[in-house]
Amino acid sequence: MYKGYIWLKLKYLFGFMTLQKIVTVVGATSVQGGSIIDELLNDDRYHIRDVTRSLESRPAKALATRGVEVVQATTDDILSLAESFQGPSVVFGSCQALNLAKAAAATPTLEHYIWSTLPDAKTQSSGKFLQNFYWQTHRPIFIPTADKYIQLNGYPANTLLRPIGDAKKNIGVFIRAIMEQPRKTLPGKYVRAHTESITSGEILQRWDEAQGKGAEYIELEPSEFNKIWPDWAEE
Ligand SMILES: NC(=O)c1ccc[n+]([C@@H]2O[C@H](COP(=O)([O-])OP(=O)(O)OC[C@H]3O[C@@H](n4cnc5c(N)ncnc54)[C@H](OP(=O)(O)O)[C@@H]3O)[C@@H](O)[C@H]2O)c1
């Protein structure tokens with residue numbers, strides 16, 4: 001039995017957190033997990049637990065300083081994971097789907113398991129795939145001789161995207177909404193999280209308005225795009 005669990009039992013014993021729901025975040029040191037911490041940490045109704053691979057890492061220590069219970073486990077080891085889930089009411093995960101699901105299934109006290117993933121974009125877009133605007137493959141490139149930016153894309157400017165916006169802020173907002181509306185989100189429901197519907201051309205246009213430097217959207221054939229970033233057009 002690991003230390004965090006004993007500590008938690010003691011807290012229950014003394015009645016400090018009888019009404020608190022335990023939210024276990026696998027990877028609270030991540031972008032998505034960190035967003036949940038920011039959203040829920042100051043809400044007295046929740047006790048937040050981070051599952052990390054290393055208690056000694058700087059991000060894990062920083063979380064402990066903020067009042068998060070930090071426990072050690074890895075998704076490579078289902079047993080350690082299942083131990084870290086002891087007692088939680090809600091578990092959030094976004095990596096290593098199979099082992100997380102197995103550990104969650106082996107946790108009788110679990111009320112709500114939230115798995116963050118991307119939709120099957122290939123099916124939903126009839127074979128076209130949506131890309132992340134901020135990845136190196138889509139970051140606007142400054143052309144000094146033109147004194148403006150260009151963005152190379154392997155799809156047209158009227159491609160409809162459904163982004164989550166600022167993941168650091170918005171993931172936590174969605175997770176709270178999912179947790180707090182179990183009638184809508186259980187059992188086995190998908191929640192599609194996006195902040196707006198917008199075309200790839202409009203996103204660049206907004207970026208351009210913010211930068212004020214000028215930006216041109218350049219559509220390439222996927223084969224041409226692949227010459228620059230091999231395999232990314234296929235992805
Ligand atoms: N951010 C996005 O916009 C985005 C978009 C689409 C998909 N995704 C996917 O969503 C997942 C999370 O992305 P992110 O950007 O939020 O994460 P991230 O910032 O890349 O951080 C990775 C997180 O996973 C944890 N982790 C890694 N290996 C682990 C293991 N074996 N056992 C337990 N924890 C482990 C790390 O925790 P410790 O280092 O503390 O152990 C860390 O908190 C990734 O699979 C990513 O590909 C992210």
# chains A, B, ... in the order shown; residues from 1 in each chain; ligands from 1
call {"tool": "residues_near_ligand", "arguments": {"ligand": "ligand 1", "cutoff": "8 Å", "atoms": "only C-alpha atoms and all ligand atoms", "output": "list in words"}}
result
Val26, Gly27, Ala28, Thr29, Ser30, Val31, Gln32, Gly33, Gly34, Val51, Thr52, Arg53, Ser54, Leu55, Ser57, Pro59, Ala60, Ala73, Thr74, Thr75, Asp76, Ser94, Cys95, Gln96, Ser116, Thr117, Leu118, Asn132 and Ala167 of chain A
call {"tool": "select_by_dssp", "arguments": {"residues": "region 56-213 of chain A", "states": "strand (DSSP E)", "output": "PyMOL selection string"}}
result
chain A and resi 69-72+90-93+112-115+141-143+148-153+160-161+198-199
call {"tool": "closest_residue", "arguments": {"among": "A:Thr65, A:Gln20, A:Asn170, A:Ser200", "to": "Asn153 (chain A)", "atoms": "only C-alpha atoms"}}
result
A:Ser200
call {"tool": "atom_distance", "arguments": {"atom1": "CA of Asp50 (chain A)", "atom2": "CA of Thr195 (chain A)"}}
result
26.4 Å
call {"tool": "residues_around", "arguments": {"residues": "Thr199 (chain A)", "least_positions_apart": "5", "cutoff": "8 Å", "atoms": "only C-alpha atoms", "output": "PyMOL selection string"}}
result
chain A and resi 157-161
call {"tool": "select_by_dssp", "arguments": {"residues": "region 8-231 of chain A", "states": "alpha helix (DSSP H)", "output": "ChimeraX atom specification"}}
result
/A:8-13,31-40,58-65,78-84,97-105,121-124,167-180,182-185,200-211,222-228
call {"tool": "closest_residue", "arguments": {"among": "A:Pro230, A:Gly87, A:Pro144, A:Pro163", "to": "Pro108 (chain A)", "atoms": "only C-alpha atoms"}}
result
A:Gly87
call {"tool": "atom_distance", "arguments": {"atom1": "CA of Leu152 (chain A)", "atom2": "CA of His194 (chain A)"}}
result
23.8 Å
call {"tool": "atom_distance", "arguments": {"atom1": "CA of Gln136 (chain A)", "atom2": "CA of Arg192 (chain A)"}}
result
25.3 Å
call {"tool": "residues_around", "arguments": {"residues": "Ile218 (chain A)", "least_positions_apart": "3", "cutoff": "10 Å", "atoms": "only C-alpha atoms", "output": "tab-separated table (two decimals) with C-alpha atoms, in the first residue's frame"}}
result
chain	number	residue	atom	x	y	z
A	150	ILE	CA	3.78	32.71	-45.22
A	151	GLN	CA	2.00	29.62	-43.95
A	152	LEU	CA	2.32	26.43	-45.99
A	153	ASN	CA	-0.58	24.01	-45.80
A	154	GLY	CA	-1.44	20.74	-47.47
A	155	TYR	CA	-5.15	21.63	-47.54
A	156	PRO	CA	-7.27	24.58	-48.72
A	157	ALA	CA	-7.91	27.79	-46.76
A	201	GLY	CA	-7.63	30.59	-43.60
A	215	ALA	CA	0.65	36.74	-43.75
call {"tool": "residues_around", "arguments": {"residues": "Ile178 (chain A)", "least_positions_apart": "6", "cutoff": "12 Å", "atoms": "only C-alpha atoms", "output": "ChimeraX atom specification"}}
result
/A:36,90-92,112-116,171-172,184-193
call {"tool": "closest_residue", "arguments": {"among": "A:Arg45, A:Thr137, A:Arg58, A:Glu202", "to": "Asp231 (chain A)", "atoms": "only C-alpha atoms"}}
result
A:Thr137
